[in-house]
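**Student:** Structure supplied as my_file.txt; contents: compact mmCIF, C-alpha atoms.
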```txt
# COMPACT_ATOMS: atom_id res chain seq x y z
CA MET B 1438 2.16 -5.94 -45.43
CA THR B 1439 0.77 -9.16 -46.89
CA ASP B 1440 -2.89 -10.13 -46.86
CA ALA B 1441 -2.15 -12.89 -44.35
CA ALA B 1442 -0.51 -10.42 -41.96
CA VAL B 1443 -3.44 -8.01 -42.30
CA ALA B 1444 -5.90 -10.81 -41.57
CA THR B 1445 -3.87 -11.95 -38.57
CA THR B 1446 -3.77 -8.40 -37.21
CA GLY B 1447 -7.52 -8.07 -37.65
CA VAL B 1448 -8.15 -11.35 -35.83
CA THR B 1449 -5.83 -10.32 -33.01
CA ARG B 1450 -7.56 -6.97 -32.56
CA LYS B 1451 -10.96 -8.62 -32.59
CA ALA B 1452 -9.83 -11.18 -30.02
CA GLY B 1453 -8.41 -8.41 -27.85
CA ARG B 1454 -11.70 -6.52 -28.08
CA TYR B 1455 -13.61 -9.62 -26.99
CA VAL B 1456 -11.25 -10.16 -24.09
CA TYR B 1457 -11.64 -6.53 -23.06
CA LEU B 1458 -15.44 -6.68 -23.19
CA GLY B 1459 -15.46 -10.00 -21.37
CA SER B 1460 -13.27 -8.57 -18.63
CA ILE B 1461 -15.65 -5.63 -18.20
CA VAL B 1462 -18.65 -7.96 -17.98
CA LEU B 1463 -16.92 -10.17 -15.39
CA LEU B 1464 -15.87 -7.15 -13.32
CA CYS B 1465 -19.39 -5.72 -13.37
CA ALA B 1466 -20.84 -9.11 -12.43
CA TRP B 1467 -18.30 -9.43 -9.61
CA VAL B 1468 -19.52 -6.13 -8.14
CA ILE B 1469 -23.21 -6.05 -9.06
CA VAL B 1470 -24.32 -9.65 -8.43
CA PRO B 1471 -23.47 -9.67 -4.67
CA LEU B 1472 -25.15 -6.27 -4.26
CA TYR B 1473 -28.22 -7.53 -6.10
CA PHE B 1474 -28.59 -10.60 -3.89
CA LEU B 1475 -27.99 -8.42 -0.84
CA LEU B 1476 -30.85 -6.19 -1.96
CA ILE B 1477 -33.11 -9.18 -2.65
CA ASN B 1478 -32.57 -10.70 0.79
CA THR B 1479 -32.94 -7.33 2.52
CA LEU B 1480 -36.31 -6.68 0.85
CA SER B 1481 -37.64 -10.17 1.57
CA SER B 1482 -39.34 -11.65 4.60
CA PRO B 1483 -37.20 -13.49 7.19
CA ASP B 1484 -38.77 -16.82 6.19
CA THR B 1485 -37.81 -16.27 2.55
CA VAL B 1486 -34.27 -15.26 3.47
CA ASN B 1487 -33.75 -18.46 5.46
CA SER B 1488 -35.26 -20.72 2.80
CA PHE B 1489 -33.61 -22.39 -0.17
CA PRO B 1490 -33.37 -21.99 -3.10
CA LYS B 1491 -33.09 -18.21 -3.04
CA ALA B 1492 -35.48 -16.06 -5.04
CA PHE B 1493 -34.20 -13.93 -7.90
CA LEU B 1494 -36.73 -11.15 -7.36
CA PRO B 1495 -37.37 -9.24 -4.12
CA GLU B 1496 -40.70 -9.56 -2.35
CA PHE B 1497 -40.53 -5.92 -1.22
CA ASP B 1498 -41.27 -7.15 2.27
CA LEU B 1499 -39.81 -4.99 5.07
CA GLY B 1500 -39.81 -7.79 7.64
CA SER B 1501 -36.02 -8.14 7.67
CA LEU B 1502 -35.50 -4.39 8.06
CA GLU B 1503 -38.13 -4.24 10.82
CA PHE B 1504 -36.38 -7.09 12.65
CA PHE B 1505 -33.09 -5.23 12.21
CA ALA B 1506 -34.56 -2.04 13.69
CA ARG B 1507 -36.05 -3.91 16.67
CA PHE B 1508 -32.93 -5.97 17.43
CA GLU B 1509 -31.57 -5.11 20.88
CA GLY B 1510 -28.65 -2.69 20.73
CA ILE B 1511 -28.77 -2.14 16.98
CA LEU B 1512 -30.15 1.41 17.09
CA SER B 1513 -27.57 2.44 19.67
CA ALA B 1514 -24.81 1.02 17.48
CA LEU B 1515 -26.25 2.79 14.46
CA LYS B 1516 -26.30 6.08 16.37
CA ASN B 1517 -22.68 5.56 17.43
CA SER B 1518 -21.68 4.94 13.81
CA VAL B 1519 -23.33 8.17 12.70
CA ILE B 1520 -21.72 10.18 15.52
CA VAL B 1521 -18.23 8.77 14.93
CA ALA B 1522 -18.47 9.18 11.15
CA ALA B 1523 -19.71 12.76 11.48
CA MET B 1524 -16.88 13.66 13.87
CA THR B 1525 -14.38 12.02 11.52
CA MET B 1526 -15.77 13.95 8.58
CA VAL B 1527 -15.48 17.30 10.35
CA MET B 1528 -12.01 16.71 11.82
CA SER B 1529 -10.54 15.35 8.59
CA ILE B 1530 -11.69 18.40 6.64
CA LEU B 1531 -10.57 20.86 9.31
CA ILE B 1532 -7.09 19.30 9.24
CA GLY B 1533 -6.82 18.08 5.65
CA ALA B 1534 -8.12 21.14 3.78
CA PRO B 1535 -5.60 23.63 5.25
CA ALA B 1536 -2.81 21.12 4.63
CA GLY B 1537 -3.93 20.69 1.02
CA TYR B 1538 -4.07 24.47 0.57
CA ALA B 1539 -0.57 24.89 1.97
CA LEU B 1540 0.82 22.17 -0.29
CA SER B 1541 -0.82 23.80 -3.29
CA ARG B 1542 0.09 27.43 -2.68
CA PHE B 1543 3.47 27.35 -0.93
CA ASP B 1544 6.84 25.98 -2.01
CA PHE B 1545 9.14 24.60 0.66
CA ARG B 1546 11.98 22.13 0.92
CA GLY B 1547 10.81 18.51 1.04
CA LYS B 1548 7.35 19.26 -0.34
CA GLU B 1549 7.21 16.21 -2.60
CA LEU B 1550 8.59 13.99 0.15
CA PHE B 1551 5.95 15.32 2.51
CA ARG B 1552 3.20 14.40 0.02
CA LEU B 1553 4.64 10.91 -0.26
CA LEU B 1554 4.85 10.52 3.51
CA ILE B 1555 1.20 11.53 3.83
CA LEU B 1556 0.24 8.72 1.49
CA LEU B 1557 2.58 6.24 3.18
CA THR B 1558 0.75 6.68 6.48
CA ARG B 1559 -1.82 4.26 5.06
CA ALA B 1560 0.94 1.67 4.68
CA PHE B 1561 1.05 1.05 8.43
CA PRO B 1562 -1.30 -1.83 9.26
CA LEU B 1563 -3.93 -0.87 11.79
CA PRO B 1564 -3.67 -4.20 13.70
CA LEU B 1565 -0.04 -3.36 14.44
CA LEU B 1566 -1.10 -0.09 16.08
CA ALA B 1567 -4.21 -1.40 17.81
CA LEU B 1568 -2.58 -2.51 21.07
CA PRO B 1569 -0.52 0.70 21.63
CA LEU B 1570 -3.58 2.77 20.78
CA ALA B 1571 -5.73 0.81 23.24
CA VAL B 1572 -3.16 1.33 26.02
CA LEU B 1573 -2.84 5.04 25.20
CA PHE B 1574 -6.59 5.55 25.12
CA ILE B 1575 -7.04 3.79 28.47
CA ARG B 1576 -4.37 5.97 30.08
CA THR B 1577 -5.86 9.17 28.68
CA GLY B 1578 -9.44 8.19 29.50
CA ILE B 1579 -10.83 8.28 25.97
CA ASP B 1580 -11.16 4.51 25.56
CA ASP B 1581 -14.57 3.17 24.56
CA SER B 1582 -15.70 6.61 23.45
CA ALA B 1583 -16.92 8.08 20.19
CA PHE B 1584 -14.23 10.79 20.29
CA GLY B 1585 -11.37 8.31 20.70
CA LEU B 1586 -12.58 6.17 17.82
CA ALA B 1587 -13.13 9.26 15.68
CA LEU B 1588 -9.49 10.23 16.24
CA VAL B 1589 -8.35 6.88 14.82
CA HIS B 1590 -10.72 7.15 11.86
CA THR B 1591 -9.56 10.71 11.22
CA THR B 1592 -5.99 9.43 11.01
CA LEU B 1593 -7.16 6.99 8.33
CA ALA B 1594 -9.07 9.66 6.39
CA ILE B 1595 -6.61 12.57 6.53
CA PRO B 1596 -4.26 11.31 3.76
CA PHE B 1597 -7.14 11.16 1.29
CA ALA B 1598 -8.49 14.53 2.45
CA VAL B 1599 -5.08 16.16 1.98
CA LEU B 1600 -4.50 14.68 -1.47
CA ILE B 1601 -7.99 15.48 -2.73
CA THR B 1602 -7.98 19.06 -1.50
CA PHE B 1603 -4.41 19.57 -2.73
CA SER B 1604 -5.45 18.58 -6.23
CA LEU B 1605 -8.55 20.75 -6.10
CA PHE B 1606 -6.61 23.82 -4.95
CA SER B 1607 -3.96 23.16 -7.60
CA GLY B 1608 -6.63 23.27 -10.28
CA ILE B 1609 -7.55 26.85 -9.35
CA PRO B 1610 -5.13 29.50 -10.71
CA VAL B 1611 -3.40 31.47 -8.01
CA GLU B 1612 -3.92 34.56 -10.18
CA LEU B 1613 -7.55 34.63 -9.02
CA GLU B 1614 -6.43 35.13 -5.44
CA GLU B 1615 -3.81 37.67 -6.46
CA ALA B 1616 -6.48 39.65 -8.31
CA ALA B 1617 -8.61 39.64 -5.16
CA TRP B 1618 -5.63 40.88 -3.14
CA THR B 1619 -5.16 43.84 -5.48
CA LEU B 1620 -8.83 44.74 -4.97
CA GLY B 1621 -8.37 45.00 -1.21
CA CYS B 1622 -9.09 41.48 -0.01
CA THR B 1623 -6.91 39.84 2.57
CA ARG B 1624 -5.68 36.26 2.09
CA VAL B 1625 -8.54 35.01 4.24
CA THR B 1626 -11.29 36.98 2.49
CA ALA B 1627 -9.85 36.09 -0.92
CA PHE B 1628 -10.00 32.44 0.05
CA THR B 1629 -13.55 32.58 1.41
CA LYS B 1630 -14.98 34.71 -1.42
CA VAL B 1631 -13.06 33.42 -4.45
CA VAL B 1632 -11.51 30.00 -3.85
CA LEU B 1633 -13.92 28.37 -1.43
CA PRO B 1634 -17.04 28.66 -3.65
CA LEU B 1635 -15.12 27.01 -6.49
CA ILE B 1636 -13.89 24.03 -4.51
CA LEU B 1637 -16.88 23.56 -2.22
CA PRO B 1638 -18.21 20.57 -4.21
CA GLY B 1639 -14.80 18.92 -3.97
CA ILE B 1640 -14.59 19.65 -0.24
CA THR B 1641 -18.00 18.04 0.13
CA ALA B 1642 -16.78 15.00 -1.79
CA SER B 1643 -13.75 14.70 0.47
CA ALA B 1644 -15.98 14.99 3.55
CA ILE B 1645 -18.29 12.25 2.29
CA PHE B 1646 -15.27 10.08 1.57
CA ALA B 1647 -14.10 10.49 5.17
CA PHE B 1648 -17.60 9.66 6.39
CA VAL B 1649 -17.66 6.42 4.39
CA ILE B 1650 -14.18 5.41 5.60
CA SER B 1651 -15.33 5.75 9.20
CA TRP B 1652 -18.71 4.16 8.49
CA ASN B 1653 -17.19 0.97 7.09
CA GLU B 1654 -14.17 0.64 9.41
CA VAL B 1655 -14.44 -2.40 11.69
CA PHE B 1656 -11.09 -3.37 13.20
CA ALA B 1657 -10.41 -0.28 15.31
CA ALA B 1658 -14.07 -0.09 16.29
CA ALA B 1659 -14.00 -3.70 17.51
CA VAL B 1660 -10.73 -3.30 19.44
CA LEU B 1661 -11.16 0.16 20.95
CA THR B 1662 -14.84 -0.02 21.99
CA ILE B 1663 -16.76 -2.32 24.29
CA GLU B 1664 -20.03 -0.69 25.33
CA ASN B 1665 -20.21 2.04 22.68
CA ARG B 1666 -19.71 -0.13 19.62
CA THR B 1667 -20.42 1.10 16.11
CA LEU B 1668 -22.67 -0.82 13.76
CA THR B 1669 -19.81 -2.66 12.06
CA ALA B 1670 -18.30 -3.75 15.38
CA PHE B 1671 -21.74 -4.72 16.72
CA LEU B 1672 -22.50 -6.88 13.68
CA LEU B 1673 -19.08 -8.50 13.96
CA GLN B 1674 -19.70 -9.21 17.64
CA THR B 1675 -23.06 -10.89 16.92
CA LEU B 1676 -21.94 -12.56 13.70
CA GLY B 1677 -22.04 -16.10 15.10
CA GLU B 1678 -25.45 -15.87 16.78
CA ALA B 1679 -27.33 -13.36 14.64
CA PRO B 1680 -29.97 -14.74 12.24
CA LEU B 1681 -29.29 -14.63 8.54
CA HIS B 1682 -31.83 -11.94 7.73
CA LEU B 1683 -30.24 -9.62 10.32
CA LYS B 1684 -26.87 -10.03 8.63
CA PHE B 1685 -28.31 -9.17 5.23
CA ALA B 1686 -30.17 -6.13 6.56
CA GLY B 1687 -27.06 -4.92 8.42
CA GLY B 1688 -24.91 -5.38 5.32
CA PHE B 1689 -27.42 -3.41 3.27
CA ILE B 1690 -27.42 -0.53 5.76
CA LEU B 1691 -23.61 -0.46 5.64
CA VAL B 1692 -23.44 -0.56 1.83
CA VAL B 1693 -25.96 2.21 1.11
CA PRO B 1694 -23.73 5.16 2.19
CA ALA B 1695 -20.86 3.81 0.08
CA LEU B 1696 -23.10 3.58 -2.99
CA ILE B 1697 -24.37 7.10 -2.42
CA PHE B 1698 -20.77 8.26 -2.13
CA ILE B 1699 -19.80 6.70 -5.46
CA PHE B 1700 -22.60 8.41 -7.35
CA ALA B 1701 -22.19 11.73 -5.54
CA VAL B 1702 -18.44 12.20 -5.92
CA ARG B 1703 -17.51 10.06 -8.92
CA LYS B 1704 -16.11 13.01 -10.89
CA TYR B 1705 -13.84 13.99 -7.98
CA LEU B 1706 -12.28 10.57 -7.43
CA PHE B 1707 -9.46 11.17 -9.91
CA ALA B 1708 -8.45 14.29 -7.99
CA MET B 1709 -7.29 12.03 -5.16
CA TRP B 1710 -4.35 10.89 -7.28
CA GLY B 1711 -3.28 14.38 -8.26
CA ILE B 1712 -4.47 14.36 -11.88
CA ALA B 1713 -5.42 18.02 -11.52
CA ASN B 1714 -1.89 18.97 -10.47
CA ARG B 1715 -0.46 21.97 -12.17
```
Translate the structure described by the file into structure tokens.
**Tutor:**
Amino acid sequence: MTDAAVATTGVTRKAGRYVYLGSIVLLCAWVIVPLYFLLINTLSSPDTVNSFPKAFLPEFDLGSLEFFARFEGILSALKNSVIVAAMTMVMSILIGAPAGYALSRFDFRGKELFRLLILLTRAFPLPLLALPLAVLFIRTGIDDSAFGLALVHTTLAIPFAVLITFSLFSGIPVELEEAAWTLGCTRVTAFTKVVLPLILPGITASAIFAFVISWNEVFAAAVLTIENRTLTAFLLQTLGEAPLHLKFAGGFILVVPALIFIFAVRKYLFAMWGIANR
């Protein structure tokens, strides 16, 4: 290779490195800058939030959060969000974890197709199903209720719960369970005493993921509830008339659980895509 070719290769690699670093900086700015300004406006007084130009440092004034807490109907909507998200979290784990265990431990015809179909359930747009769901819920009497909305959110969360738990179970050798069987344990006791302690952090991560999915969902909550709206649906309903500082405070309250989720379960996120498959 000539000196000119070596120099050209070096320049190309250096340019590629700069492009790579620049892309990382732009991506971080794209995510962090809006969150930073959301934090600034949430921790500033209402007068500061509605003034221009915006400050670059928070005042650490809780006026916006106090106004948010005193706003009529906001605490009820917040309570509904917590109830629906908690019900979604429990139901998604109760359904998704056994399905993930079965996919991991048993071989049956169409297993790979079944895994694909589970993932493809997220391909159906929720607006397309909103009207039939509303009619069904009205006929069954679960419309405008926390349980009915939790059923819809559980449907959205189950594919991720199944895939995450499947990958977690696949990462645990079946020989551990077989050894427990030889020592007198049944399949249930072997699962509870050997497997469950090992995957409990991953199960917790999957549960938090389901909680965040329900917490941030807005379309089904806006369509299927009227009186018992969640926080996202309530903020959407009052979007045109709510003051600016209420919007910032509401957005901050909605973002916090998602941020906690990212830091709590970051090492389990790859399991969702089956990287731990055997």
**Student:** Restricting the calculation to only C-alpha atoms: of B:Trp1467, B:Phe1628, B:Phe1489, B:Phe1648, which residue gets closest to Ile1530 of chain B?
**Tutor:**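 Using only C-alpha atoms, the shortest distance to Ile1530 of chain B belongs to B:Phe1648.
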**Student:** Quick one, how far is atom CA of Leu1613 of chain B from atom CA of Ile1532 of chain B?
**Tutor:**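 Atom-to-atom, atom CA of Leu1613 of chain B to atom CA of Ile1532 of chain B, that is 23.8 Å.
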**Student:** Taking (-4.0, 9.7, 9.2) in the file's coordinates, which residues come within 9 Å, counting all atoms listed in the file, written as number ranges by chain?
**Tutor:** B: 1529, 1555-1556, 1558-1559, 1588-1597
**Student:** What does the distance between atom CA of Ser1518 of chain B and atom CA of Thr1479 of chain B come to in Å, to one decimal place?
**Tutor:** 20.1 Å
**Student:** Counting all atoms listed in the file, figure out which residue out of B:Gly1608, B:Leu1480, B:Ala1598, B:Glu1654 gets nearest to Glu1503 of chain B.
**Tutor:**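 Closest to Glu1503 of chain B of all the choices is B:Leu1480.
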**Student:** Taking 3 positions as the minimum chain separation for residues in the same chain, which residues sit within 10 Å of segment 1565-1576 of chain B when counting all atoms listed in the file? Answer as a ChimeraX atom specification.
**Tutor:** /B:1561-1562,1579-1582,1585-1586,1589,1656-1657,1660-1662
**Student:** What's the 10 Å shell around segment 1542-1549 of chain B, counting all atoms listed in the file, without same-chain residues fewer than 4 positions away, as a ChimeraX atom specification?
**Tutor:** /B:1537-1538,1553-1555,1603,1606-1607,1610-1611
**Student:** Would you fill the gaps in segment 1642-1668 of chain B so it has N, CA and C atoms, then print it as a PDB file, in the frame of the given file?
**Tutor:**
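This is the output file selection_37.pdb:
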```
ATOM      1  N   ALA B1642     -17.133  16.359  -1.388  1.00  0.00           N
ATOM      2  CA  ALA B1642     -16.780  15.000  -1.790  1.00  0.00           C
ATOM      3  C   ALA B1642     -15.760  14.392  -0.843  1.00  0.00           C
ATOM      4  N   SER B1643     -14.760  15.183  -0.460  1.00  0.00           N
ATOM      5  CA  SER B1643     -13.750  14.700   0.470  1.00  0.00           C
ATOM      6  C   SER B1643     -14.368  14.397   1.833  1.00  0.00           C
ATOM      7  N   ALA B1644     -15.316  15.223   2.270  1.00  0.00           N
ATOM      8  CA  ALA B1644     -15.980  14.990   3.550  1.00  0.00           C
ATOM      9  C   ALA B1644     -16.801  13.703   3.515  1.00  0.00           C
ATOM     10  N   ILE B1645     -17.506  13.480   2.418  1.00  0.00           N
ATOM     11  CA  ILE B1645     -18.290  12.250   2.290  1.00  0.00           C
ATOM     12  C   ILE B1645     -17.376  11.040   2.260  1.00  0.00           C
ATOM     13  N   PHE B1646     -16.237  11.171   1.614  1.00  0.00           N
ATOM     14  CA  PHE B1646     -15.270  10.080   1.570  1.00  0.00           C
ATOM     15  C   PHE B1646     -14.814   9.730   2.982  1.00  0.00           C
ATOM     16  N   ALA B1647     -14.503  10.732   3.790  1.00  0.00           N
ATOM     17  CA  ALA B1647     -14.100  10.490   5.170  1.00  0.00           C
ATOM     18  C   ALA B1647     -15.226   9.832   5.966  1.00  0.00           C
ATOM     19  N   PHE B1648     -16.449  10.259   5.712  1.00  0.00           N
ATOM     20  CA  PHE B1648     -17.600   9.660   6.390  1.00  0.00           C
ATOM     21  C   PHE B1648     -17.707   8.174   6.068  1.00  0.00           C
ATOM     22  N   VAL B1649     -17.542   7.815   4.798  1.00  0.00           N
ATOM     23  CA  VAL B1649     -17.660   6.420   4.390  1.00  0.00           C
ATOM     24  C   VAL B1649     -16.523   5.577   4.964  1.00  0.00           C
ATOM     25  N   ILE B1650     -15.309   6.139   5.009  1.00  0.00           N
ATOM     26  CA  ILE B1650     -14.180   5.410   5.600  1.00  0.00           C
ATOM     27  C   ILE B1650     -14.487   5.054   7.048  1.00  0.00           C
ATOM     28  N   SER B1651     -14.992   6.021   7.802  1.00  0.00           N
ATOM     29  CA  SER B1651     -15.330   5.750   9.200  1.00  0.00           C
ATOM     30  C   SER B1651     -16.522   4.811   9.305  1.00  0.00           C
ATOM     31  N   TRP B1652     -17.495   4.977   8.445  1.00  0.00           N
ATOM     32  CA  TRP B1652     -18.710   4.160   8.490  1.00  0.00           C
ATOM     33  C   TRP B1652     -18.412   2.678   8.295  1.00  0.00           C
ATOM     34  N   ASN B1653     -17.477   2.364   7.427  1.00  0.00           N
ATOM     35  CA  ASN B1653     -17.190   0.970   7.090  1.00  0.00           C
ATOM     36  C   ASN B1653     -16.030   0.364   7.889  1.00  0.00           C
ATOM     37  N   GLU B1654     -15.322   1.161   8.683  1.00  0.00           N
ATOM     38  CA  GLU B1654     -14.170   0.640   9.410  1.00  0.00           C
ATOM     39  C   GLU B1654     -14.642  -0.270  10.550  1.00  0.00           C
ATOM     40  N   VAL B1655     -13.987  -1.413  10.715  1.00  0.00           N
ATOM     41  CA  VAL B1655     -14.440  -2.400  11.690  1.00  0.00           C
ATOM     42  C   VAL B1655     -13.377  -2.778  12.710  1.00  0.00           C
ATOM     43  N   PHE B1656     -12.104  -2.825  12.300  1.00  0.00           N
ATOM     44  CA  PHE B1656     -11.090  -3.370  13.200  1.00  0.00           C
ATOM     45  C   PHE B1656     -10.881  -2.470  14.419  1.00  0.00           C
ATOM     46  N   ALA B1657     -10.617  -1.194  14.186  1.00  0.00           N
ATOM     47  CA  ALA B1657     -10.410  -0.280  15.310  1.00  0.00           C
ATOM     48  C   ALA B1657     -11.656  -0.167  16.171  1.00  0.00           C
ATOM     49  N   ALA B1658     -12.825  -0.173  15.528  1.00  0.00           N
ATOM     50  CA  ALA B1658     -14.070  -0.090  16.290  1.00  0.00           C
ATOM     51  C   ALA B1658     -14.262  -1.307  17.180  1.00  0.00           C
ATOM     52  N   ALA B1659     -13.847  -2.487  16.705  1.00  0.00           N
ATOM     53  CA  ALA B1659     -14.000  -3.700  17.510  1.00  0.00           C
ATOM     54  C   ALA B1659     -12.988  -3.769  18.639  1.00  0.00           C
ATOM     55  N   VAL B1660     -11.792  -3.207  18.432  1.00  0.00           N
ATOM     56  CA  VAL B1660     -10.730  -3.300  19.440  1.00  0.00           C
ATOM     57  C   VAL B1660     -10.863  -2.207  20.494  1.00  0.00           C
ATOM     58  N   LEU B1661     -11.220  -1.000  20.065  1.00  0.00           N
ATOM     59  CA  LEU B1661     -11.160   0.160  20.950  1.00  0.00           C
ATOM     60  C   LEU B1661     -12.494   0.474  21.639  1.00  0.00           C
ATOM     61  N   THR B1662     -13.550  -0.261  21.335  1.00  0.00           N
ATOM     62  CA  THR B1662     -14.840  -0.020  21.990  1.00  0.00           C
ATOM     63  C   THR B1662     -15.381  -1.315  22.568  1.00  0.00           C
ATOM     64  N   ILE B1663     -16.120  -1.167  23.640  1.00  0.00           N
ATOM     65  CA  ILE B1663     -16.760  -2.320  24.290  1.00  0.00           C
ATOM     66  C   ILE B1663     -18.255  -2.084  24.442  1.00  0.00           C
ATOM     67  N   GLU B1664     -18.618  -1.009  25.127  1.00  0.00           N
ATOM     68  CA  GLU B1664     -20.030  -0.690  25.330  1.00  0.00           C
ATOM     69  C   GLU B1664     -20.574   0.169  24.196  1.00  0.00           C
ATOM     70  N   ASN B1665     -19.767   1.095  23.722  1.00  0.00           N
ATOM     71  CA  ASN B1665     -20.210   2.040  22.680  1.00  0.00           C
ATOM     72  C   ASN B1665     -19.732   1.589  21.306  1.00  0.00           C
ATOM     73  N   ARG B1666     -20.140   0.421  20.897  1.00  0.00           N
ATOM     74  CA  ARG B1666     -19.710  -0.130  19.620  1.00  0.00           C
ATOM     75  C   ARG B1666     -20.469   0.531  18.465  1.00  0.00           C
ATOM     76  N   THR B1667     -19.762   0.647  17.335  1.00  0.00           N
ATOM     77  CA  THR B1667     -20.420   1.100  16.110  1.00  0.00           C
ATOM     78  C   THR B1667     -21.157  -0.059  15.468  1.00  0.00           C
ATOM     79  N   LEU B1668     -21.860   0.224  14.395  1.00  0.00           N
ATOM     80  CA  LEU B1668     -22.670  -0.820  13.760  1.00  0.00           C
ATOM     81  C   LEU B1668     -21.804  -1.943  13.206  1.00  0.00           C
TER      82      LEU B1668
END
```
